[in-house]
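S.K.: Next up, final_2.pdb (PDB, C-alpha atoms).
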ATOM      1  CA  SER Z   1      69.518-161.625 102.077  1.00  0.00           C
ATOM      2  CA  ALA Z   2      72.805-162.061 100.264  1.00  0.00           C
ATOM      3  CA  VAL Z   3      74.375-165.360  99.241  1.00  0.00           C
ATOM      4  CA  ILE Z   4      78.046-165.399 100.158  1.00  0.00           C
ATOM      5  CA  SER Z   5      80.556-167.959  98.887  1.00  0.00           C
ATOM      6  CA  GLN Z   6      83.982-168.455 100.373  1.00  0.00           C
ATOM      7  CA  LYS Z   7      86.975-170.362  99.066  1.00  0.00           C
ATOM      8  CA  PRO Z   8      88.662-172.411 100.322  1.00  0.00           C
ATOM      9  CA  SER Z   9      86.199-173.921 102.743  1.00  0.00           C
ATOM     10  CA  ARG Z  10      89.014-175.714 104.563  1.00  0.00           C
ATOM     11  CA  ASP Z  11      92.767-175.861 104.331  1.00  0.00           C
ATOM     12  CA  ILE Z  12      95.763-177.150 106.209  1.00  0.00           C
ATOM     13  CA  CYS Z  13      98.804-174.933 105.800  1.00  0.00           C
ATOM     14  CA  GLN Z  14     102.446-175.027 106.791  1.00  0.00           C
ATOM     15  CA  ARG Z  15     103.682-172.394 109.193  1.00  0.00           C
ATOM     16  CA  GLY Z  16     105.428-169.506 107.516  1.00  0.00           C
ATOM     17  CA  THR Z  17     103.292-169.678 104.387  1.00  0.00           C
ATOM     18  CA  SER Z  18     100.444-167.405 103.318  1.00  0.00           C
ATOM     19  CA  LEU Z  19      96.882-168.212 102.286  1.00  0.00           C
ATOM     20  CA  THR Z  20      94.394-166.075 100.400  1.00  0.00           C
ATOM     21  CA  ILE Z  21      90.706-166.507 101.113  1.00  0.00           C
ATOM     22  CA  GLN Z  22      88.196-165.399  98.516  1.00  0.00           C
ATOM     23  CA  CYS Z  23      84.714-164.065  99.163  1.00  0.00           C
ATOM     24  CA  GLN Z  24      82.101-163.731  96.427  1.00  0.00           C
ATOM     25  CA  VAL Z  25      78.673-162.173  96.937  1.00  0.00           C
ATOM     26  CA  ASP Z  26      75.687-162.648  94.633  1.00  0.00           C
ATOM     27  CA  SER Z  27      74.776-158.955  94.699  1.00  0.00           C
ATOM     28  CA  GLN Z  28      76.569-155.639  94.871  1.00  0.00           C
ATOM     29  CA  VAL Z  29      77.286-154.520  98.408  1.00  0.00           C
ATOM     30  CA  THR Z  30      79.044-151.481  99.744  1.00  0.00           C
ATOM     31  CA  MET Z  31      80.502-152.898 102.911  1.00  0.00           C
ATOM     32  CA  MET Z  32      82.226-156.236 103.404  1.00  0.00           C
ATOM     33  CA  PHE Z  33      83.692-157.440 106.650  1.00  0.00           C
ATOM     34  CA  TRP Z  34      86.198-160.062 107.645  1.00  0.00           C
ATOM     35  CA  TYR Z  35      85.893-161.817 111.005  1.00  0.00           C
ATOM     36  CA  ARG Z  36      88.006-164.365 112.808  1.00  0.00           C
ATOM     37  CA  GLN Z  37      86.613-167.031 115.102  1.00  0.00           C
ATOM     38  CA  GLN Z  38      89.299-168.778 117.082  1.00  0.00           C
ATOM     39  CA  PRO Z  39      88.539-172.253 118.453  1.00  0.00           C
ATOM     40  CA  GLY Z  40      85.832-172.128 121.092  1.00  0.00           C
ATOM     41  CA  GLN Z  41      85.537-168.361 120.949  1.00  0.00           C
ATOM     42  CA  SER Z  42      83.269-165.685 119.592  1.00  0.00           C
ATOM     43  CA  LEU Z  43      83.738-163.577 116.494  1.00  0.00           C
ATOM     44  CA  THR Z  44      86.292-160.816 116.284  1.00  0.00           C
ATOM     45  CA  LEU Z  45      86.187-158.226 113.528  1.00  0.00           C
ATOM     46  CA  ILE Z  46      89.452-158.058 111.601  1.00  0.00           C
ATOM     47  CA  ALA Z  47      88.653-155.276 109.151  1.00  0.00           C
ATOM     48  CA  THR Z  48      86.017-153.522 107.099  1.00  0.00           C
ATOM     49  CA  ALA Z  49      86.530-153.406 103.334  1.00  0.00           C
ATOM     50  CA  ASN Z  50      84.843-150.838 101.127  1.00  0.00           C
ATOM     51  CA  GLN Z  51      85.272-150.892  97.399  1.00  0.00           C
ATOM     52  CA  GLY Z  52      87.748-148.321  96.146  1.00  0.00           C
ATOM     53  CA  SER Z  53      89.367-147.554  99.473  1.00  0.00           C
ATOM     54  CA  GLU Z  54      91.838-149.042 101.898  1.00  0.00           C
ATOM     55  CA  ALA Z  55      90.461-151.498 104.388  1.00  0.00           C
ATOM     56  CA  THR Z  56      89.950-150.267 107.938  1.00  0.00           C
ATOM     57  CA  TYR Z  57      91.554-152.557 110.507  1.00  0.00           C
ATOM     58  CA  GLU Z  58      90.473-153.139 114.073  1.00  0.00           C
ATOM     59  CA  SER Z  59      92.811-152.844 116.999  1.00  0.00           C
ATOM     60  CA  GLY Z  60      95.219-155.763 117.088  1.00  0.00           C
ATOM     61  CA  PHE Z  61      95.082-156.441 113.348  1.00  0.00           C
ATOM     62  CA  VAL Z  62      97.520-154.974 110.825  1.00  0.00           C
ATOM     63  CA  ILE Z  63      97.632-154.786 107.061  1.00  0.00           C
ATOM     64  CA  ASP Z  64     100.987-156.546 106.794  1.00  0.00           C
ATOM     65  CA  LYS Z  65      99.569-159.627 108.466  1.00  0.00           C
ATOM     66  CA  PHE Z  66      96.061-159.519 106.949  1.00  0.00           C
ATOM     67  CA  PRO Z  67      96.151-157.704 103.593  1.00  0.00           C
ATOM     68  CA  ILE Z  68      92.721-157.256 102.065  1.00  0.00           C
ATOM     69  CA  SER Z  69      91.650-156.490  98.533  1.00  0.00           C
ATOM     70  CA  ARG Z  70      88.261-155.197  97.406  1.00  0.00           C
ATOM     71  CA  PRO Z  71      88.430-154.805  93.631  1.00  0.00           C
ATOM     72  CA  ASN Z  72      84.676-154.503  93.031  1.00  0.00           C
ATOM     73  CA  LEU Z  73      81.296-154.509  94.745  1.00  0.00           C
ATOM     74  CA  THR Z  74      80.894-158.295  94.782  1.00  0.00           C
ATOM     75  CA  PHE Z  75      84.333-159.643  95.679  1.00  0.00           C
ATOM     76  CA  SER Z  76      87.009-159.423  98.340  1.00  0.00           C
ATOM     77  CA  THR Z  77      90.061-161.369  99.442  1.00  0.00           C
ATOM     78  CA  LEU Z  78      91.771-161.743 102.801  1.00  0.00           C
ATOM     79  CA  THR Z  79      95.338-163.009 102.974  1.00  0.00           C
ATOM     80  CA  VAL Z  80      96.718-164.498 106.158  1.00  0.00           C
ATOM     81  CA  SER Z  81     100.450-163.929 105.895  1.00  0.00           C
ATOM     82  CA  ASN Z  82     103.389-165.756 107.462  1.00  0.00           C
ATOM     83  CA  MET Z  83     101.067-168.086 109.286  1.00  0.00           C
ATOM     84  CA  SER Z  84     101.674-169.571 112.720  1.00  0.00           C
ATOM     85  CA  PRO Z  85      99.584-172.120 114.629  1.00  0.00           C
ATOM     86  CA  GLU Z  86      97.930-169.207 116.451  1.00  0.00           C
ATOM     87  CA  ASP Z  87      96.313-168.258 113.147  1.00  0.00           C
ATOM     88  CA  SER Z  88      94.320-171.501 113.124  1.00  0.00           C
ATOM     89  CA  SER Z  89      90.776-170.190 113.052  1.00  0.00           C
ATOM     90  CA  ILE Z  90      87.613-169.879 111.065  1.00  0.00           C
ATOM     91  CA  TYR Z  91      87.744-166.815 108.848  1.00  0.00           C
ATOM     92  CA  LEU Z  92      84.332-165.451 107.955  1.00  0.00           C
ATOM     93  CA  CYS Z  93      83.378-163.028 105.238  1.00  0.00           C
ATOM     94  CA  SER Z  94      80.235-161.013 105.835  1.00  0.00           C
ATOM     95  CA  VAL Z  95      78.270-158.268 104.156  1.00  0.00           C
ATOM     96  CA  GLU Z  96      75.650-155.738 105.050  1.00  0.00           C
ATOM     97  CA  SER Z  97      72.552-156.414 102.989  1.00  0.00           C
ATOM     98  CA  GLY Z  98      69.047-155.133 103.313  1.00  0.00           C
ATOM     99  CA  TRP Z  99      68.460-152.901 106.291  1.00  0.00           C
ATOM    100  CA  ASN Z 100      71.227-152.822 108.873  1.00  0.00           C
ATOM    101  CA  THR Z 101      71.735-156.588 108.840  1.00  0.00           C
ATOM    102  CA  ILE Z 102      74.953-158.550 108.533  1.00  0.00           C
ATOM    103  CA  TYR Z 103      75.023-161.869 106.687  1.00  0.00           C
ATOM    104  CA  PHE Z 104      77.820-164.410 106.779  1.00  0.00           C
ATOM    105  CA  GLY Z 105      79.437-166.864 104.445  1.00  0.00           C
ATOM    106  CA  GLU Z 106      80.084-170.449 105.437  1.00  0.00           C
ATOM    107  CA  GLY Z 107      83.570-169.633 106.611  1.00  0.00           C
ATOM    108  CA  SER Z 108      87.059-170.817 105.756  1.00  0.00           C
ATOM    109  CA  TRP Z 109      88.421-173.284 108.303  1.00  0.00           C
ATOM    110  CA  LEU Z 110      92.166-172.865 108.511  1.00  0.00           C
ATOM    111  CA  THR Z 111      94.586-175.137 110.350  1.00  0.00           C
ATOM    112  CA  VAL Z 112      98.253-174.187 110.545  1.00  0.00           C
ATOM    113  CA  VAL Z 113     100.712-176.974 111.295  1.00  0.00           C
TER     114      VAL Z 113
ATOM    115  CA  ALA V   1      81.025-148.662 123.193  1.00  0.00           C
ATOM    116  CA  GLN V   2      78.621-151.530 123.576  1.00  0.00           C
ATOM    117  CA  SER V   3      78.946-154.986 125.061  1.00  0.00           C
ATOM    118  CA  VAL V   4      76.998-158.232 125.042  1.00  0.00           C
ATOM    119  CA  THR V   5      76.740-160.767 127.841  1.00  0.00           C
ATOM    120  CA  GLN V   6      75.443-164.240 127.222  1.00  0.00           C
ATOM    121  CA  LEU V   7      74.867-165.574 130.669  1.00  0.00           C
ATOM    122  CA  ASP V   8      75.068-169.286 129.914  1.00  0.00           C
ATOM    123  CA  SER V   9      77.950-170.886 128.055  1.00  0.00           C
ATOM    124  CA  GLN V  10      76.099-174.197 127.749  1.00  0.00           C
ATOM    125  CA  VAL V  11      72.417-175.094 128.029  1.00  0.00           C
ATOM    126  CA  PRO V  12      71.360-178.753 128.041  1.00  0.00           C
ATOM    127  CA  VAL V  13      67.674-179.364 127.449  1.00  0.00           C
ATOM    128  CA  PHE V  14      65.564-182.395 126.679  1.00  0.00           C
ATOM    129  CA  GLU V  15      63.924-182.740 123.304  1.00  0.00           C
ATOM    130  CA  GLU V  16      60.451-181.134 123.115  1.00  0.00           C
ATOM    131  CA  ALA V  17      61.129-179.055 126.230  1.00  0.00           C
ATOM    132  CA  PRO V  18      61.118-175.249 126.116  1.00  0.00           C
ATOM    133  CA  VAL V  19      64.369-173.297 126.169  1.00  0.00           C
ATOM    134  CA  GLU V  20      65.482-169.757 126.872  1.00  0.00           C
ATOM    135  CA  LEU V  21      68.935-168.466 125.983  1.00  0.00           C
ATOM    136  CA  ARG V  22      69.752-165.275 127.816  1.00  0.00           C
ATOM    137  CA  CYS V  23      71.377-162.176 126.392  1.00  0.00           C
ATOM    138  CA  ASN V  24      71.990-158.828 128.058  1.00  0.00           C
ATOM    139  CA  TYR V  25      73.605-155.847 126.424  1.00  0.00           C
ATOM    140  CA  SER V  26      75.096-152.555 127.434  1.00  0.00           C
ATOM    141  CA  SER V  27      75.015-149.426 125.304  1.00  0.00           C
ATOM    142  CA  SER V  28      74.715-145.699 125.807  1.00  0.00           C
ATOM    143  CA  VAL V  29      72.767-145.327 122.557  1.00  0.00           C
ATOM    144  CA  SER V  30      69.846-147.084 120.922  1.00  0.00           C
ATOM    145  CA  VAL V  31      70.711-150.410 119.357  1.00  0.00           C
ATOM    146  CA  TYR V  32      69.793-153.092 116.905  1.00  0.00           C
ATOM    147  CA  LEU V  33      69.881-156.646 118.239  1.00  0.00           C
ATOM    148  CA  PHE V  34      70.470-159.963 116.513  1.00  0.00           C
ATOM    149  CA  TRP V  35      70.628-163.664 117.176  1.00  0.00           C
ATOM    150  CA  TYR V  36      72.748-165.895 114.953  1.00  0.00           C
ATOM    151  CA  VAL V  37      73.007-169.684 114.965  1.00  0.00           C
ATOM    152  CA  GLN V  38      76.082-171.712 114.070  1.00  0.00           C
ATOM    153  CA  TYR V  39      75.472-175.380 113.383  1.00  0.00           C
ATOM    154  CA  PRO V  40      78.455-177.722 113.750  1.00  0.00           C
ATOM    155  CA  ASN V  41      81.070-177.104 111.082  1.00  0.00           C
ATOM    156  CA  GLN V  42      79.073-174.324 109.452  1.00  0.00           C
ATOM    157  CA  GLY V  43      79.077-170.542 109.239  1.00  0.00           C
ATOM    158  CA  LEU V  44      76.671-168.198 110.989  1.00  0.00           C
ATOM    159  CA  GLN V  45      73.029-167.945 109.988  1.00  0.00           C
ATOM    160  CA  LEU V  46      70.752-165.083 110.970  1.00  0.00           C
ATOM    161  CA  LEU V  47      68.013-166.370 113.264  1.00  0.00           C
ATOM    162  CA  LEU V  48      66.161-163.131 113.945  1.00  0.00           C
ATOM    163  CA  LYS V  49      66.666-159.421 114.468  1.00  0.00           C
ATOM    164  CA  TYR V  50      65.184-156.453 116.280  1.00  0.00           C
ATOM    165  CA  LEU V  51      65.517-153.139 114.507  1.00  0.00           C
ATOM    166  CA  SER V  52      62.409-151.257 115.642  1.00  0.00           C
ATOM    167  CA  GLY V  53      58.692-151.688 116.229  1.00  0.00           C
ATOM    168  CA  SER V  54      57.217-154.654 118.071  1.00  0.00           C
ATOM    169  CA  THR V  55      59.451-155.867 120.850  1.00  0.00           C
ATOM    170  CA  LEU V  56      58.519-159.502 120.214  1.00  0.00           C
ATOM    171  CA  VAL V  57      60.401-160.743 117.207  1.00  0.00           C
ATOM    172  CA  LYS V  58      59.816-164.036 115.469  1.00  0.00           C
ATOM    173  CA  GLY V  59      62.541-165.767 113.537  1.00  0.00           C
ATOM    174  CA  ILE V  60      63.219-168.936 111.638  1.00  0.00           C
ATOM    175  CA  ASN V  61      62.820-172.480 112.987  1.00  0.00           C
ATOM    176  CA  GLY V  62      60.209-171.458 115.569  1.00  0.00           C
ATOM    177  CA  PHE V  63      62.484-169.179 117.595  1.00  0.00           C
ATOM    178  CA  GLU V  64      61.427-165.836 118.999  1.00  0.00           C
ATOM    179  CA  ALA V  65      63.032-163.145 121.118  1.00  0.00           C
ATOM    180  CA  GLU V  66      61.778-160.240 123.154  1.00  0.00           C
ATOM    181  CA  PHE V  67      63.517-156.906 123.371  1.00  0.00           C
ATOM    182  CA  ASN V  68      63.278-155.446 126.857  1.00  0.00           C
ATOM    183  CA  LYS V  69      64.751-151.966 126.908  1.00  0.00           C
ATOM    184  CA  SER V  70      64.392-151.420 130.656  1.00  0.00           C
ATOM    185  CA  GLN V  71      66.241-154.634 131.430  1.00  0.00           C
ATOM    186  CA  THR V  72      68.564-154.293 128.414  1.00  0.00           C
ATOM    187  CA  SER V  73      67.839-157.866 127.470  1.00  0.00           C
ATOM    188  CA  PHE V  74      67.086-159.795 124.297  1.00  0.00           C
ATOM    189  CA  HIS V  75      66.434-163.372 125.390  1.00  0.00           C
ATOM    190  CA  LEU V  76      65.859-166.078 122.801  1.00  0.00           C
ATOM    191  CA  ARG V  77      63.087-168.630 123.320  1.00  0.00           C
ATOM    192  CA  LYS V  78      61.630-171.694 121.700  1.00  0.00           C
ATOM    193  CA  PRO V  79      58.610-173.531 123.139  1.00  0.00           C
ATOM    194  CA  SER V  80      59.710-176.996 122.023  1.00  0.00           C
ATOM    195  CA  VAL V  81      63.221-177.856 120.851  1.00  0.00           C
ATOM    196  CA  HIS V  82      64.308-180.535 118.419  1.00  0.00           C
ATOM    197  CA  ILE V  83      67.526-182.472 118.133  1.00  0.00           C
ATOM    198  CA  SER V  84      68.322-180.390 115.065  1.00  0.00           C
ATOM    199  CA  ASP V  85      68.441-177.243 117.214  1.00  0.00           C
ATOM    200  CA  THR V  86      71.720-178.420 118.722  1.00  0.00           C
ATOM    201  CA  ALA V  87      74.082-175.601 117.806  1.00  0.00           C
ATOM    202  CA  GLU V  88      75.847-172.545 119.140  1.00  0.00           C
ATOM    203  CA  TYR V  89      73.828-169.350 119.401  1.00  0.00           C
ATOM    204  CA  PHE V  90      75.351-165.881 119.305  1.00  0.00           C
ATOM    205  CA  CYS V  91      73.690-162.686 120.443  1.00  0.00           C
ATOM    206  CA  ALA V  92      74.924-159.513 118.756  1.00  0.00           C
ATOM    207  CA  VAL V  93      74.354-155.784 119.179  1.00  0.00           C
ATOM    208  CA  ARG V  94      74.908-152.843 116.906  1.00  0.00           C
ATOM    209  CA  PRO V  95      74.298-149.141 117.567  1.00  0.00           C
ATOM    210  CA  SER V  96      71.541-147.779 115.372  1.00  0.00           C
ATOM    211  CA  GLY V  97      72.105-145.010 112.847  1.00  0.00           C
ATOM    212  CA  GLY V  98      74.585-145.356 110.025  1.00  0.00           C
ATOM    213  CA  TYR V  99      77.302-147.954 109.883  1.00  0.00           C
ATOM    214  CA  GLN V 100      78.363-149.117 113.290  1.00  0.00           C
ATOM    215  CA  LYS V 101      80.421-152.087 114.359  1.00  0.00           C
ATOM    216  CA  VAL V 102      78.624-155.260 115.442  1.00  0.00           C
ATOM    217  CA  THR V 103      79.639-156.734 118.777  1.00  0.00           C
ATOM    218  CA  PHE V 104      79.072-160.433 119.435  1.00  0.00           C
ATOM    219  CA  GLY V 105      78.574-162.311 122.667  1.00  0.00           C
ATOM    220  CA  ILE V 106      80.691-165.344 123.504  1.00  0.00           C
ATOM    221  CA  GLY V 107      77.978-167.739 122.427  1.00  0.00           C
ATOM    222  CA  THR V 108      75.727-170.301 124.120  1.00  0.00           C
ATOM    223  CA  LYS V 109      75.941-173.953 123.194  1.00  0.00           C
ATOM    224  CA  LEU V 110      72.499-175.511 123.129  1.00  0.00           C
ATOM    225  CA  GLN V 111      72.638-179.269 123.604  1.00  0.00           C
ATOM    226  CA  VAL V 112      69.327-181.005 122.941  1.00  0.00           C
ATOM    227  CA  ILE V 113      69.132-184.357 124.682  1.00  0.00           C
ATOM    228  CA  PRO V 114      66.982-187.086 123.101  1.00  0.00           C
TER     229      PRO V 114
END
As structure tokens - that is how I would like this structure written.
M.R.:
Amino acid sequence: SAVISQKPSRDICQRGTSLTIQCQVDSQVTMMFWYRQQPGQSLTLIATANQGSEATYESGFVIDKFPISRPNLTFSTLTVSNMSPEDSSIYLCSVESGWNTIYFGEGSWLTVV
Amino acid sequence: AQSVTQLDSQVPVFEEAPVELRCNYSSSVSVYLFWYVQYPNQGLQLLLKYLSGSTLVKGINGFEAEFNKSQTSFHLRKPSVHISDTAEYFCAVRPSGGYQKVTFGIGTKLQVIP
């Protein structure tokens, strides 16, 4: 399995600002994924990020709001732009490692006030 | 497209009692199945997975699950729960063959009562 580190682990942000979340993996992986978990809800896939190409966004998520970078095979960032209280969520980085299995980081707990 | 139904949003159970968390899925193709656990204020941890082979899958912390293709189910079981098993459990499904999106259920909160 992969070891995934996310920063920040928690943050409280002012509405209208932007926050960049970093995800570092201890091994090279082709596919990285960003999920959102809103309070009391399940996980929703935001986008899939492959190194060297544009991220692929799921329905309801757009690049202007959630720009993603994937500069190499062990690192990715997700920015939550122009935040509103509705963006208060856990943001989870995940990777596919081994055979057809997704592993998650500890998450970044974001509160927008 | 596939979907996952976790039939119970909350399951209270006394310590040392057995527990079953139910998961049904829908898919027109063959699938891989997963259970993840989320402890309070933590990320998701893989509990166990079914990819192929034996339909009875054993995972960490004494949990096991059985894949039942005819009933499209993947119920999670533990014969004797501990206080430390209090957490939220997510069932997930993914079509087999190449990269496919993972779909998660809404989660089941297991509350172990001392």
S.K.: For chain Z, which residues have at least one atom within 10 Å of chain V, if we go by all atoms listed in the file? Write them as an MDAnalysis selection string, please.
M.R.: chainID Z and resid 1 9 31 33 40:45 48 90:94 96 99:109
S.K.: I would like the residues chosen by the PyMOL selection byres ((chain Z and resi 72) around 10) on the shown file; could you give them as a count of residues only?
M.R.: 13
S.K.: Would you compute an axis-aligned box for range 66-84 of chain V, covering every atom listed for it in the file with 4 Å of margin on each side, and report centre and edge lengths in Å to one decimal as JSON?
M.R.:
{"center_x": 63.6, "center_y": -166.9, "center_z": 123.2, "size_x": 18.0, "size_y": 39.1, "size_z": 24.4}
S.K.: Separation of CA of Leu76 in chain V and CA of Pro114 in chain V, in Å?
M.R.: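 Spanning CA of Leu76 in chain V to CA of Pro114 in chain V is a straight-line distance of 21.0 Å.
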S.K.: To one decimal in Å, tell me the separation between CA of Ser53 in chain Z and CA of Ser30 in chain V.
M.R.: 29.0 Å
S.K.: Taking only C-alpha atoms into account, which of V:Leu47, V:Lys58, V:Lys69, V:Asn24 comes nearest Tyr89 in chain V?
M.R.: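 Among the listed residues, the smallest separation from Tyr89 in chain V belongs to V:Leu47.
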S.K.: Rounded to one decimal place, report the CA of Ser5 in chain Z-CA of Ala55 in chain Z distance in Å.
M.R.: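 Those two atoms sit 20.0 Å apart.
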S.K.: Which is closest to Lys7 in chain Z among Z:Thr77, Z:Asp64, Z:Ser59, Z:Pro39, if we use only C-alpha atoms?
M.R.: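 Closest to Lys7 in chain Z, using only C-alpha atoms: Z:Thr77.
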S.K.: Would you list the contacts of Ser54 in chain V as a compact mmCIF listing (two decimals) with C-alpha atoms, keeping the file's coordinate frame, taking every protein, DNA or RNA residue within 9 Å and counting only C-alpha atoms, but skipping same-chain residues closer than 3 positions in sequence?
M.R.:
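That gives us result.txt:
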# COMPACT_ATOMS: atom_id res chain seq x y z
CA TYR V 50 65.18 -156.45 116.28
CA VAL V 57 60.40 -160.74 117.21
CA GLU V 66 61.78 -160.24 123.15
CA PHE V 67 63.52 -156.91 123.37
S.K.: Since I can't run it myself right now, could you work out what the PyMOL selection byres ((chain V and resi 27) around 7) selects here and report it as a ChimeraX atom specification?
M.R.: /V:1-3,25-26,28-29
S.K.: For the provided coordinates, the residues matched by the PyMOL selection byres ((chain Z and resi 61) around 12) should be stated as a short mmCIF file (atom, residue, chain, number, x, y, z; two decimals) with C-alpha atoms, keeping the file's coordinate frame.
M.R.:
data_model
loop_
_atom_site.label_atom_id
_atom_site.label_comp_id
_atom_site.auth_asym_id
_atom_site.auth_seq_id
_atom_site.Cartn_x
_atom_site.Cartn_y
_atom_site.Cartn_z
CA TRP Z 34 86.20 -160.06 107.64
CA TYR Z 35 85.89 -161.82 111.00
CA ARG Z 36 88.01 -164.36 112.81
CA THR Z 44 86.29 -160.82 116.28
CA LEU Z 45 86.19 -158.23 113.53
CA ILE Z 46 89.45 -158.06 111.60
CA ALA Z 47 88.65 -155.28 109.15
CA THR Z 48 86.02 -153.52 107.10
CA ALA Z 55 90.46 -151.50 104.39
CA THR Z 56 89.95 -150.27 107.94
CA TYR Z 57 91.55 -152.56 110.51
CA GLU Z 58 90.47 -153.14 114.07
CA SER Z 59 92.81 -152.84 117.00
CA GLY Z 60 95.22 -155.76 117.09
CA VAL Z 62 97.52 -154.97 110.82
CA ILE Z 63 97.63 -154.79 107.06
CA ASP Z 64 100.99 -156.55 106.79
CA LYS Z 65 99.57 -159.63 108.47
CA PHE Z 66 96.06 -159.52 106.95
CA PRO Z 67 96.15 -157.70 103.59
CA ILE Z 68 92.72 -157.26 102.06
CA VAL Z 80 96.72 -164.50 106.16
CA SER Z 81 100.45 -163.93 105.90
CA ASP Z 87 96.31 -168.26 113.15
#
S.K.: Might you pull out every residue within 8 Å of range 80-82 of chain V, with all atoms listed in the file counted and same-chain residues fewer than 6 positions away left off, and present them as a CSV table (one decimal) with C-alpha atoms, in the coordinates of the input?
M.R.:
chain,number,residue,atom,x,y,z
V,14,PHE,CA,65.6,-182.4,126.7
V,15,GLU,CA,63.9,-182.7,123.3
V,16,GLU,CA,60.5,-181.1,123.1
V,17,ALA,CA,61.1,-179.1,126.2
V,18,PRO,CA,61.1,-175.2,126.1
V,19,VAL,CA,64.4,-173.3,126.2
V,112,VAL,CA,69.3,-181.0,122.9
S.K.: Nearest to Gln111 in chain V: which of V:Cys91, V:Lys78, V:Ile83, V:Gln6 is it, counting only C-alpha atoms?
M.R.: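 Answer, going by the shortest atom-to-atom distance: V:Ile83.
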S.K.: When distances are computed from all atoms listed in the file, which of V:Val13, V:Thr86, V:His75, V:Val37 shows the smallest separation from Thr55 in chain V?
M.R.: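 Selected residue with least distance to Thr55 in chain V: V:His75.
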S.K.: Smallest atom-to-atom distance to Pro79 in chain V: which of V:Pro12, V:Gly62, V:Gly53, V:Pro40, using all atoms listed in the file?
M.R.: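 Ranking V:Pro12, V:Gly62, V:Gly53, V:Pro40 by distance to Pro79 in chain V, first place goes to V:Gly62.
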S.K.: Quick one: of V:Cys23, V:Val4, V:Ile113, V:Val11, who's nearest to Glu88 in chain V, counting all atoms listed in the file?
M.R.: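 The closest residue to Glu88 in chain V is V:Val11.
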S.K.: Mind rebuilding range 84-88 of chain V with all heavy atoms and writing that out as a PDB file, in the coordinates of the input?
M.R.:
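And here's out26.pdb as it stands now:
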ATOM      1  N   SER V  84      67.667-181.195 116.094  1.00  0.00           N
ATOM      2  CA  SER V  84      68.322-180.390 115.065  1.00  0.00           C
ATOM      3  C   SER V  84      68.636-178.969 115.527  1.00  0.00           C
ATOM      4  O   SER V  84      69.345-178.244 114.826  1.00  0.00           O
ATOM      5  CB  SER V  84      67.455-180.331 113.812  1.00  0.00           C
ATOM      6  OG  SER V  84      66.191-179.765 114.112  1.00  0.00           O
ATOM      7  N   ASP V  85      68.130-178.575 116.671  1.00  0.00           N
ATOM      8  CA  ASP V  85      68.441-177.243 117.214  1.00  0.00           C
ATOM      9  C   ASP V  85      69.780-177.218 117.944  1.00  0.00           C
ATOM     10  O   ASP V  85      70.233-176.149 118.368  1.00  0.00           O
ATOM     11  CB  ASP V  85      67.337-176.780 118.170  1.00  0.00           C
ATOM     12  CG  ASP V  85      66.020-176.513 117.460  1.00  0.00           C
ATOM     13  OD1 ASP V  85      66.049-176.008 116.327  1.00  0.00           O
ATOM     14  OD2 ASP V  85      64.958-176.839 118.043  1.00  0.00           O
ATOM     15  N   THR V  86      70.401-178.375 118.102  1.00  0.00           N
ATOM     16  CA  THR V  86      71.720-178.420 118.722  1.00  0.00           C
ATOM     17  C   THR V  86      72.695-177.594 117.905  1.00  0.00           C
ATOM     18  O   THR V  86      72.946-177.881 116.729  1.00  0.00           O
ATOM     19  CB  THR V  86      72.219-179.873 118.833  1.00  0.00           C
ATOM     20  OG1 THR V  86      71.360-180.589 119.720  1.00  0.00           O
ATOM     21  CG2 THR V  86      73.651-179.921 119.355  1.00  0.00           C
ATOM     22  N   ALA V  87      73.240-176.557 118.524  1.00  0.00           N
ATOM     23  CA  ALA V  87      74.082-175.601 117.806  1.00  0.00           C
ATOM     24  C   ALA V  87      74.602-174.584 118.809  1.00  0.00           C
ATOM     25  O   ALA V  87      74.273-174.633 119.996  1.00  0.00           O
ATOM     26  CB  ALA V  87      73.279-174.886 116.716  1.00  0.00           C
ATOM     27  N   GLU V  88      75.407-173.661 118.304  1.00  0.00           N
ATOM     28  CA  GLU V  88      75.847-172.545 119.140  1.00  0.00           C
ATOM     29  C   GLU V  88      75.091-171.296 118.686  1.00  0.00           C
ATOM     30  O   GLU V  88      74.923-171.053 117.492  1.00  0.00           O
ATOM     31  CB  GLU V  88      77.351-172.326 119.027  1.00  0.00           C
ATOM     32  CG  GLU V  88      77.873-171.294 120.006  1.00  0.00           C
ATOM     33  CD  GLU V  88      79.291-171.578 120.456  1.00  0.00           C
ATOM     34  OE1 GLU V  88      80.018-172.279 119.747  1.00  0.00           O
ATOM     35  OE2 GLU V  88      79.679-171.071 121.536  1.00  0.00           O
TER      36      GLU V  88
END
